[in-house]
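Shown next: coords_5.txt, containing compact mmCIF, C-alpha atoms and all ligand atoms.
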```
# COMPACT_ATOMS: atom_id res chain seq x y z
CA MET A 1 -2.54 145.96 91.50
CA THR A 2 -5.09 146.92 94.11
CA PRO A 3 -6.06 144.05 96.40
CA PRO A 4 -9.75 143.29 96.78
CA SER A 5 -11.50 145.54 99.29
CA ASN A 6 -12.14 142.57 101.58
CA TRP A 7 -8.42 141.72 101.61
CA PRO A 8 -7.31 139.39 102.96
CA PHE A 9 -10.37 137.90 104.58
CA ASP A 10 -14.10 138.36 104.29
CA ALA A 11 -16.35 139.41 107.16
CA ALA A 12 -16.48 135.85 108.48
CA GLY A 13 -12.71 135.72 108.70
CA LYS A 14 -12.52 133.35 105.74
CA VAL A 15 -10.47 133.61 102.61
CA PRO A 16 -12.64 134.89 99.78
CA SER A 17 -13.58 132.10 97.37
CA ALA A 18 -11.99 131.87 93.94
CA GLY A 19 -15.43 132.36 92.46
CA SER A 20 -15.43 135.92 93.75
CA ARG A 21 -12.37 136.70 91.66
CA GLY A 22 -13.77 136.24 88.19
CA ALA A 23 -11.82 134.60 85.42
CA PHE A 24 -8.42 134.37 87.05
CA PRO A 25 -8.31 130.57 87.50
CA ALA A 26 -9.42 129.93 83.93
CA GLN A 27 -6.70 132.16 82.58
CA LEU A 28 -4.04 130.49 84.67
CA ASN A 29 -5.26 127.10 83.64
CA SER A 30 -4.65 127.93 79.99
CA ASP A 31 -0.92 127.57 80.65
CA LYS A 32 -0.09 124.17 79.20
CA SER A 33 3.04 123.66 81.28
CA HIS A 34 1.06 122.86 84.38
CA GLN A 35 -2.24 121.27 83.67
CA PHE A 36 -3.29 120.58 87.21
CA ALA A 37 -6.98 120.58 87.86
CA ILE A 38 -8.06 123.63 89.79
CA LYS A 39 -10.37 122.54 92.52
CA SER A 40 -12.78 124.75 94.36
CA VAL A 41 -11.24 126.88 97.05
CA ALA A 42 -11.17 125.51 100.54
CA ALA A 43 -10.82 128.17 103.19
CA ALA A 44 -7.72 127.23 105.10
CA ALA A 45 -8.24 129.16 108.28
CA SER A 46 -7.38 126.86 111.15
CA THR A 47 -9.02 127.03 114.52
CA ALA A 48 -6.95 127.66 117.58
CA SER A 49 -7.11 124.97 120.24
CA ALA A 50 -7.55 125.81 123.91
CA SER A 51 -3.81 125.52 124.52
CA GLY A 52 -3.23 127.51 121.36
CA GLN A 53 -5.34 130.30 122.86
CA ASN A 54 -3.06 130.38 125.89
CA ASP A 55 -0.05 130.58 123.60
CA LEU A 56 -1.70 133.48 121.82
CA LYS A 57 -2.28 135.30 125.10
CA LYS A 58 1.40 135.01 125.93
CA LEU A 59 2.32 136.33 122.50
CA PHE A 60 0.24 139.43 123.01
CA GLN A 61 1.79 140.27 126.37
CA GLY A 62 4.82 141.93 124.84
CA GLY A 63 6.27 145.06 126.35
CA VAL A 64 9.32 146.76 127.67
CA SER A 65 9.05 144.72 130.85
CA ASP A 66 10.20 141.53 129.11
CA GLY A 67 13.67 142.99 128.77
CA LEU A 68 13.58 142.80 124.97
CA GLY A 69 13.10 146.51 124.39
CA LEU A 70 10.46 148.68 122.84
CA ASP A 71 10.56 146.93 119.47
CA SER A 72 9.34 143.83 121.29
CA ALA A 73 6.15 145.68 122.26
CA VAL A 74 5.73 146.90 118.70
CA ARG A 75 6.15 143.35 117.45
CA ALA A 76 3.58 142.10 119.94
CA ARG A 77 1.19 144.69 118.52
CA MET A 78 1.91 143.47 114.99
CA VAL A 79 1.15 139.90 116.07
CA ARG A 80 -2.12 141.00 117.67
CA ARG A 81 -3.08 142.71 114.43
CA LEU A 82 -2.18 139.58 112.43
CA ALA A 83 -4.44 137.51 114.68
CA GLU A 84 -7.25 140.02 114.21
CA GLN A 85 -6.74 139.71 110.47
CA GLY A 86 -7.30 135.96 110.71
CA VAL A 87 -3.87 134.38 111.24
CA LEU A 88 -4.53 131.80 113.96
CA ASP A 89 -1.61 129.38 113.86
CA ALA A 90 0.16 129.83 117.20
CA SER A 91 3.56 128.70 115.90
CA VAL A 92 3.43 131.15 112.99
CA LEU A 93 2.46 133.97 115.34
CA ALA A 94 5.23 132.95 117.75
CA ALA A 95 7.78 133.09 114.92
CA MET A 96 6.49 136.52 113.83
CA ARG A 97 6.80 137.60 117.47
CA ALA A 98 10.36 136.33 117.76
CA VAL A 99 12.01 137.48 114.53
CA GLU A 100 13.02 141.14 114.41
CA ARG A 101 11.79 142.41 111.06
CA HIS A 102 13.56 145.73 111.59
CA HIS A 103 16.86 143.84 111.61
CA PHE A 104 16.29 142.91 107.92
CA VAL A 105 15.41 146.27 106.40
CA ASP A 106 17.56 149.35 105.82
CA THR A 107 17.80 151.74 108.75
CA ALA A 108 15.75 154.29 106.80
CA PHE A 109 12.77 151.92 106.91
CA ALA A 110 13.30 150.41 110.37
CA ASN A 111 10.56 152.57 111.89
CA MET A 112 8.09 151.07 109.39
CA ALA A 113 9.20 147.49 109.94
CA TYR A 114 6.12 146.47 111.97
CA GLU A 115 3.55 148.25 109.85
CA ASP A 116 1.48 146.25 107.45
CA THR A 117 3.46 147.26 104.43
CA SER A 118 5.92 145.79 101.99
CA LEU A 119 9.33 147.46 102.05
CA PRO A 120 12.23 147.78 99.61
CA ILE A 121 15.23 145.55 100.32
CA GLY A 122 17.41 146.90 97.51
CA PHE A 123 18.17 145.67 93.98
CA GLY A 124 14.58 146.33 92.93
CA GLN A 125 13.17 143.69 95.31
CA THR A 126 10.76 143.94 98.23
CA ILE A 127 10.01 142.19 101.48
CA SER A 128 6.30 141.27 101.61
CA LYS A 129 3.80 142.70 104.07
CA PRO A 130 3.75 140.84 107.39
CA ASN A 131 0.20 139.63 106.83
CA VAL A 132 1.05 138.11 103.46
CA VAL A 133 4.12 136.38 104.95
CA ALA A 134 2.11 135.09 107.91
CA ARG A 135 -0.73 133.95 105.69
CA MET A 136 1.64 131.98 103.43
CA LEU A 137 3.41 130.40 106.39
CA GLU A 138 0.09 129.40 107.89
CA LEU A 139 -1.00 127.81 104.63
CA LEU A 140 2.32 125.98 104.49
CA GLN A 141 1.96 124.67 108.01
CA HIS A 142 -1.64 123.66 107.68
CA GLY A 143 -1.93 119.97 108.42
CA ARG A 144 1.71 119.33 107.56
CA VAL A 145 3.46 119.37 110.89
CA ASP A 146 4.80 116.16 112.40
CA ALA A 147 4.31 114.90 115.97
CA SER A 148 6.84 117.46 117.23
CA GLY A 149 4.71 120.22 115.69
CA GLN A 150 7.34 121.01 113.05
CA LEU A 151 7.47 121.04 109.30
CA GLY A 152 10.21 118.85 107.82
CA ARG A 153 12.57 120.16 105.14
CA VAL A 154 11.40 123.34 103.44
CA LEU A 155 12.57 124.92 100.19
CA GLU A 156 12.20 128.69 99.90
CA ILE A 157 12.53 130.36 96.51
CA GLY A 158 13.65 133.99 96.83
CA THR A 159 15.74 134.51 99.97
CA GLY A 160 15.69 138.28 99.53
CA CYS A 161 16.83 139.84 102.79
CA GLY A 162 16.44 136.55 104.70
CA TYR A 163 13.47 137.58 106.86
CA GLN A 164 11.17 134.76 105.81
CA ALA A 165 14.03 132.26 106.01
CA ALA A 166 14.48 133.30 109.65
CA LEU A 167 10.76 132.77 110.29
CA LEU A 168 10.92 129.37 108.59
CA SER A 169 13.83 128.36 110.81
CA HIS A 170 11.35 128.44 113.72
CA LEU A 171 8.82 126.26 111.92
CA ALA A 172 10.84 123.69 109.96
CA THR A 173 13.58 121.19 110.70
CA GLU A 174 15.73 122.38 107.75
CA VAL A 175 15.36 125.41 105.50
CA TYR A 176 16.95 125.55 102.03
CA SER A 177 16.61 129.08 100.73
CA MET A 178 17.56 129.98 97.16
CA GLU A 179 18.30 133.43 95.76
CA ARG A 180 19.31 134.26 92.18
CA LEU A 181 20.89 137.66 92.95
CA ARG A 182 24.32 137.39 94.50
CA SER A 183 24.02 140.79 96.17
CA LEU A 184 20.85 139.75 98.02
CA HIS A 185 22.23 136.30 98.80
CA ASP A 186 25.20 138.05 100.44
CA LYS A 187 22.95 140.54 102.22
CA ALA A 188 20.82 137.73 103.66
CA ARG A 189 23.93 135.92 104.84
CA GLU A 190 25.02 139.10 106.59
CA ASN A 191 21.56 139.68 108.11
CA LEU A 192 21.32 136.10 109.37
CA ARG A 193 24.88 135.72 110.65
CA SER A 194 24.28 137.05 114.14
CA LEU A 195 21.13 134.92 114.54
CA ARG A 196 23.16 131.70 114.13
CA LEU A 197 20.28 129.74 112.64
CA VAL A 198 21.98 126.41 112.08
CA ASN A 199 19.06 124.90 110.18
CA VAL A 200 19.02 127.62 107.47
CA HIS A 201 21.03 126.89 104.32
CA LEU A 202 21.41 129.81 101.91
CA LEU A 203 21.95 128.85 98.29
CA LEU A 204 22.89 131.06 95.36
CA GLY A 205 21.14 129.72 92.28
CA ASP A 206 18.15 129.73 89.98
CA GLY A 207 15.25 128.61 92.11
CA MET A 208 13.30 127.60 89.02
CA ASP A 209 15.32 124.38 89.12
CA GLY A 210 14.64 123.89 92.80
CA PHE A 211 17.36 122.20 94.82
CA ALA A 212 17.26 118.48 94.11
CA LYS A 213 19.85 117.59 96.76
CA GLY A 214 17.51 118.60 99.57
CA ALA A 215 14.43 116.90 98.09
CA PRO A 216 11.86 115.69 98.85
CA TYR A 217 10.48 118.73 100.67
CA ALA A 218 7.60 118.77 103.09
CA ALA A 219 6.92 122.28 101.88
CA ILE A 220 7.99 124.71 99.16
CA ILE A 221 7.33 128.44 99.36
CA ALA A 222 8.04 131.02 96.67
CA ALA A 223 8.30 134.77 97.14
CA ALA A 224 8.37 135.62 93.44
CA SER A 225 5.62 135.20 90.89
CA GLY A 226 5.73 133.42 87.51
CA GLU A 227 3.09 132.40 84.98
CA ALA A 228 3.60 128.72 85.74
CA ILE A 229 4.82 126.59 88.58
CA PRO A 230 8.20 125.18 87.53
CA PRO A 231 7.91 121.37 87.11
CA ALA A 232 11.03 120.89 89.32
CA TRP A 233 9.09 122.24 92.32
CA ILE A 234 6.35 119.65 91.89
CA GLU A 235 8.93 116.89 91.39
CA GLN A 236 10.83 117.90 94.52
CA LEU A 237 7.73 118.16 96.71
CA ALA A 238 7.19 115.10 98.93
CA VAL A 239 3.98 113.16 98.64
CA GLY A 240 1.88 114.72 101.37
CA GLY A 241 3.77 118.00 100.90
CA ARG A 242 2.43 121.43 100.11
CA LEU A 243 3.62 124.26 97.89
CA VAL A 244 2.52 127.88 98.37
CA ALA A 245 3.40 130.44 95.70
CA PRO A 246 2.10 133.47 93.87
CA LEU A 247 1.03 132.75 90.30
CA GLN A 248 0.17 135.26 87.60
CA ASP A 249 -1.81 135.31 84.40
CA ALA A 250 -0.72 136.90 81.12
CA SER A 251 -2.04 140.30 82.23
CA GLY A 252 0.16 140.17 85.34
CA ALA A 253 -2.72 139.68 87.81
CA GLN A 254 -1.50 137.50 90.64
CA ALA A 255 -3.11 135.15 93.14
CA LEU A 256 -1.76 132.81 95.77
CA VAL A 257 -1.81 129.18 94.76
CA VAL A 258 -1.63 126.16 97.04
CA ILE A 259 -0.55 122.86 95.53
CA ASP A 260 -0.95 119.67 97.52
CA LYS A 261 0.86 116.58 96.28
CA THR A 262 -1.06 113.51 97.34
CA ALA A 263 -0.80 109.81 96.56
CA GLN A 264 -3.79 110.39 94.25
CA GLY A 265 -2.17 113.26 92.38
CA ILE A 266 -1.88 117.04 92.45
CA ARG A 267 -4.55 119.34 93.86
CA GLN A 268 -4.26 123.03 93.06
CA THR A 269 -6.22 125.73 94.85
CA LEU A 270 -6.27 129.40 93.97
CA LEU A 271 -6.72 131.88 96.78
CA GLU A 272 -6.66 135.65 97.17
CA ALA A 273 -5.01 138.28 95.01
CA VAL A 274 -1.40 139.19 95.89
CA HIS A 275 1.41 141.27 94.49
CA PHE A 276 4.93 139.86 94.31
CA VAL A 277 8.10 140.64 92.37
CA PRO A 278 8.64 138.53 89.24
CA LEU A 279 10.20 135.07 89.24
CA LYS A 280 13.17 135.34 86.88
CA SER A 281 15.51 132.72 85.52
CA GLY A 282 19.28 132.70 85.69
CA VAL A 283 21.69 133.94 88.32
CA GLY A 284 22.68 137.60 88.44
N1 LIG A 301 11.31 136.05 101.21
C1 LIG A 301 12.04 137.25 100.91
C2 LIG A 301 11.34 138.07 99.88
C3 LIG A 301 12.23 138.37 98.75
S1 LIG A 301 11.52 139.11 97.32
C4 LIG A 301 12.34 138.05 102.17
O1 LIG A 301 11.92 137.67 103.25
O2 LIG A 301 13.07 139.05 102.06
C5 LIG A 301 11.69 137.81 96.16
C6 LIG A 301 13.09 137.37 95.84
O3 LIG A 301 12.99 136.34 94.87
C7 LIG A 301 13.98 138.45 95.24
O4 LIG A 301 15.10 138.60 96.05
C8 LIG A 301 14.35 137.89 93.87
O5 LIG A 301 15.68 138.19 93.47
C9 LIG A 301 14.17 136.40 94.10
N2 LIG A 301 13.99 135.59 92.89
C10 LIG A 301 13.29 135.87 91.76
N3 LIG A 301 13.39 134.84 90.89
C11 LIG A 301 14.18 133.90 91.48
C12 LIG A 301 14.66 132.62 91.08
N4 LIG A 301 14.39 132.08 89.89
N5 LIG A 301 15.44 131.93 91.94
C13 LIG A 301 15.76 132.44 93.15
N6 LIG A 301 15.34 133.64 93.59
C14 LIG A 301 14.55 134.36 92.76
```

Please express the file's structure as structure tokens.
Amino acid sequence: MTPPSNWPFDAAGKVPSAGSRGAFPAQLNSDKSHQFAIKSVAAAASTASASGQNDLKKLFQGGVSDGLGLDSAVRARMVRRLAEQGVLDASVLAAMRAVERHHFVDTAFANMAYEDTSLPIGFGQTISKPNVVARMLELLQHGRVDASGQLGRVLEIGTGCGYQAALLSHLATEVYSMERLRSLHDKARENLRSLRLVNVHLLLGDGMDGFAKGAPYAAIIAAASGEAIPPAWIEQLAVGGRLVAPLQDASGAQALVVIDKTAQGIRQTLLEAVHFVPLKSGVG
């Protein structure tokens, strides 16, 4: 599916409103398994504080001189591009700056690791474009960090190669990441081993059921798209928590959805068009 021409942000740096995407919300809402009211879209772009601006400056000063090698400079360039595209959360940008995306893709694609493109990770699955990953992490973070500036426990559905789990390890206190394909679960374990991320817990299982033992979660993020949000995800989300996932209608058209669980109930917001691999049930 071709993303809208103003992808991912309009000229003002805001997320395009749901109204600009025709009938998508109505079609999604026809799914009876999740009858959450769809509220009007609130643009979630956060504004960087003065100290945040300084953090951003530091992030952009990458180069061979920092002793991290040339890929560090390339990553700094990617982060600069993400900021230009509207990602403003300093902690998300810092995580994108720190985690080596090339480490998670096959050698054949390593030279494309910092381009704004999705890449194959084997077994018919893909790692999302950096700007989609950053956008989702920013949405997840938005207003949900504690006094230490961190998210609490996070559940990730679709570990894939482990790249996003590594990013989440910088943002959250604990990361529970579920993958239904054993081969990818093993690959992620291998990719993450040398990083020794003690707060990342890789789980082999059907993410549709969530992971009740780790609940409630401050945040849930899915990297695979279904026609409905599994009820277990809503149940396992903490009050005050946020879920970010792709959601698709019967024709396969996808959009990002943000679900906030509040003391007053569930608020669902549809955002821009995306393209993710399908959410499937069972373990393979
Ligand atoms: N975040 C990943 C992206 C992986 S692509 C990364 O950084 O690499 C999406 C992944 O979701 C695929 O690996 C796919 O196998 C997995 N997936 C699909 N349905 C699932 C389910 N029900 N439970 C767990 N994982 C699932």

Return as a Markdown table the residues of chain A lying at most 6 Å from ligand LIG 301 (chain A), together with the closest atom-to-atom pair for each and the distance in Å to one decimal, counting only C-alpha atoms and all ligand atoms, with rows in chain order and ascending residue number.
```
| residue | atom | partner | partner_atom | distance |
| --- | --- | --- | --- | --- |
| A:Gln125 | CA | A:LIG301 | S1 | 5.3 |
| A:Thr126 | CA | A:LIG301 | S1 | 5.0 |
| A:Ile127 | CA | A:LIG301 | O2 | 4.4 |
| A:Ile157 | CA | A:LIG301 | C13 | 5.1 |
| A:Gly158 | CA | A:LIG301 | O3 | 3.1 |
| A:Thr159 | CA | A:LIG301 | C1 | 4.7 |
| A:Gly160 | CA | A:LIG301 | O4 | 3.5 |
| A:Cys161 | CA | A:LIG301 | O2 | 3.9 |
| A:Gly162 | CA | A:LIG301 | O1 | 4.9 |
| A:Tyr163 | CA | A:LIG301 | O1 | 3.9 |
| A:Gln164 | CA | A:LIG301 | O1 | 3.9 |
| A:Met178 | CA | A:LIG301 | C13 | 5.0 |
| A:Glu179 | CA | A:LIG301 | N6 | 3.7 |
| A:Arg180 | CA | A:LIG301 | C13 | 4.1 |
| A:Leu181 | CA | A:LIG301 | O5 | 5.3 |
| A:Asp206 | CA | A:LIG301 | N5 | 4.0 |
| A:Gly207 | CA | A:LIG301 | N5 | 3.3 |
| A:Met208 | CA | A:LIG301 | N4 | 4.7 |
| A:Ala223 | CA | A:LIG301 | C5 | 4.7 |
| A:Ala224 | CA | A:LIG301 | C5 | 4.8 |
| A:Val277 | CA | A:LIG301 | C5 | 5.9 |
| A:Pro278 | CA | A:LIG301 | C10 | 5.9 |
| A:Leu279 | CA | A:LIG301 | N3 | 3.6 |
| A:Lys280 | CA | A:LIG301 | N3 | 4.0 |
| A:Ser281 | CA | A:LIG301 | N4 | 4.6 |
```

Save the residues we just selected, C-alpha atoms, as a short mmCIF file (atom, residue, chain, number, x, y, z; two decimals), in the frame of the given file?
```cif
data_model
loop_
_atom_site.label_atom_id
_atom_site.label_comp_id
_atom_site.auth_asym_id
_atom_site.auth_seq_id
_atom_site.Cartn_x
_atom_site.Cartn_y
_atom_site.Cartn_z
CA GLN A 125 13.17 143.69 95.31
CA THR A 126 10.76 143.94 98.23
CA ILE A 127 10.01 142.19 101.48
CA ILE A 157 12.53 130.36 96.51
CA GLY A 158 13.65 133.99 96.83
CA THR A 159 15.74 134.51 99.97
CA GLY A 160 15.69 138.28 99.53
CA CYS A 161 16.83 139.84 102.79
CA GLY A 162 16.44 136.55 104.70
CA TYR A 163 13.47 137.58 106.86
CA GLN A 164 11.17 134.76 105.81
CA MET A 178 17.56 129.98 97.16
CA GLU A 179 18.30 133.43 95.76
CA ARG A 180 19.31 134.26 92.18
CA LEU A 181 20.89 137.66 92.95
CA ASP A 206 18.15 129.73 89.98
CA GLY A 207 15.25 128.61 92.11
CA MET A 208 13.30 127.60 89.02
CA ALA A 223 8.30 134.77 97.14
CA ALA A 224 8.37 135.62 93.44
CA VAL A 277 8.10 140.64 92.37
CA PRO A 278 8.64 138.53 89.24
CA LEU A 279 10.20 135.07 89.24
CA LYS A 280 13.17 135.34 86.88
CA SER A 281 15.51 132.72 85.52
#
```

Of the candidates A:Lys261, A:His170, A:Arg153, A:His142, which one gets nearest to Ala98 of chain A if we count all atoms listed in the file?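 Residue with the minimum atom-to-atom distance to Ala98 of chain A: A:His170.
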
Using only C-alpha atoms, find the one residue out of A:Asp89, A:Asp106, A:Asp260, A:Glu156 that sits nearest to Lys187 of chain A.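 Among the listed residues, the smallest separation from Lys187 of chain A belongs to A:Asp106.
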
Excluding Val132 of chain A and any residue of its chain fewer than 5 positions from it, enumerate the residues within 10 Å of it, using all atoms listed in the file, and give them as number ranges by chain. A: 8, 82, 87, 116-118, 137-138, 256, 274-275

Output C-alpha atoms for every residue in the selection just made, as a tab-separated table (two decimals), in the frame of the given file.
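What ended up in result19.tsv:
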```
chain	number	residue	atom	x	y	z
A	8	PRO	CA	-7.31	139.39	102.96
A	82	LEU	CA	-2.18	139.58	112.43
A	87	VAL	CA	-3.87	134.38	111.24
A	116	ASP	CA	1.48	146.25	107.45
A	117	THR	CA	3.46	147.26	104.43
A	118	SER	CA	5.92	145.79	101.99
A	137	LEU	CA	3.41	130.40	106.39
A	138	GLU	CA	0.09	129.40	107.89
A	256	LEU	CA	-1.76	132.81	95.77
A	274	VAL	CA	-1.40	139.19	95.89
A	275	HIS	CA	1.41	141.27	94.49
```

Grab the atom CA of Val258 of chain A to atom CA of Ala113 of chain A distance for me, in Å with one decimal place. 27.2 Å

Out of A:Val283, A:Val105, A:Val257, A:Leu171, which residue has the shortest atom-to-atom distance to Asp209 of chain A when counting all atoms listed in the file? A:Val283

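With all atoms listed in the file as the atoms that count, the residue of A:Lys213, A:Phe276, A:Leu168, A:Gly241 with the shortest distance to Ala94 of chain A is A:Leu168.
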
Residue nearest Leu243 of chain A among A:Pro130, A:Gly86, A:Pro231, A:Gly122 (counting all atoms listed in the file): A:Pro231

For Asn131 of chain A, which of A:Gln254, A:Gln236, A:Gln85, A:Asn199 is the closest residue, counting only C-alpha atoms?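 Of the candidates, the smallest distance to Asn131 of chain A is held by A:Gln85.
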
So how many Å separate atom CA of Phe123 of chain A and atom CA of Phe104 of chain A, to one decimal? 14.3 Å

Interatomic distance (Å, one decimal) between atom CA of Ser177 of chain A and atom CA of Leu155 of chain A: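 Distance reported for this atom pair: 5.8 Å.
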
Can you pull out every residue within 12 Å of Gln141 of chain A, counting all atoms listed in the file, but drop anything in the same chain fewer than 5 positions away, and send it as an mmCIF file with C-alpha atoms, keeping the file's coordinate frame?
```cif
data_model
loop_
_atom_site.group_PDB
_atom_site.id
_atom_site.type_symbol
_atom_site.label_atom_id
_atom_site.label_comp_id
_atom_site.auth_asym_id
_atom_site.auth_seq_id
_atom_site.Cartn_x
_atom_site.Cartn_y
_atom_site.Cartn_z
ATOM 1 C CA ALA A 44 -7.720 127.230 105.100
ATOM 2 C CA ALA A 45 -8.240 129.160 108.280
ATOM 3 C CA SER A 46 -7.380 126.860 111.150
ATOM 4 C CA VAL A 87 -3.870 134.380 111.240
ATOM 5 C CA LEU A 88 -4.530 131.800 113.960
ATOM 6 C CA ASP A 89 -1.610 129.380 113.860
ATOM 7 C CA ALA A 90 0.160 129.830 117.200
ATOM 8 C CA SER A 91 3.560 128.700 115.900
ATOM 9 C CA VAL A 92 3.430 131.150 112.990
ATOM 10 C CA LEU A 93 2.460 133.970 115.340
ATOM 11 C CA ALA A 134 2.110 135.090 107.910
ATOM 12 C CA ARG A 135 -0.730 133.950 105.690
ATOM 13 C CA MET A 136 1.640 131.980 103.430
ATOM 14 C CA ASP A 146 4.800 116.160 112.400
ATOM 15 C CA GLY A 149 4.710 120.220 115.690
ATOM 16 C CA GLN A 150 7.340 121.010 113.050
ATOM 17 C CA LEU A 151 7.470 121.040 109.300
ATOM 18 C CA GLY A 152 10.210 118.850 107.820
ATOM 19 C CA ARG A 153 12.570 120.160 105.140
ATOM 20 C CA VAL A 154 11.400 123.340 103.440
ATOM 21 C CA LEU A 168 10.920 129.370 108.590
ATOM 22 C CA HIS A 170 11.350 128.440 113.720
ATOM 23 C CA LEU A 171 8.820 126.260 111.920
ATOM 24 C CA ALA A 172 10.840 123.690 109.960
ATOM 25 C CA ALA A 218 7.600 118.770 103.090
ATOM 26 C CA ALA A 219 6.920 122.280 101.880
ATOM 27 C CA ILE A 220 7.990 124.710 99.160
ATOM 28 C CA ILE A 221 7.330 128.440 99.360
ATOM 29 C CA GLY A 240 1.880 114.720 101.370
ATOM 30 C CA GLY A 241 3.770 118.000 100.900
ATOM 31 C CA ARG A 242 2.430 121.430 100.110
ATOM 32 C CA LEU A 243 3.620 124.260 97.890
ATOM 33 C CA VAL A 244 2.520 127.880 98.370
ATOM 34 C CA VAL A 258 -1.630 126.160 97.040
ATOM 35 C CA ASP A 260 -0.950 119.670 97.520
#
```
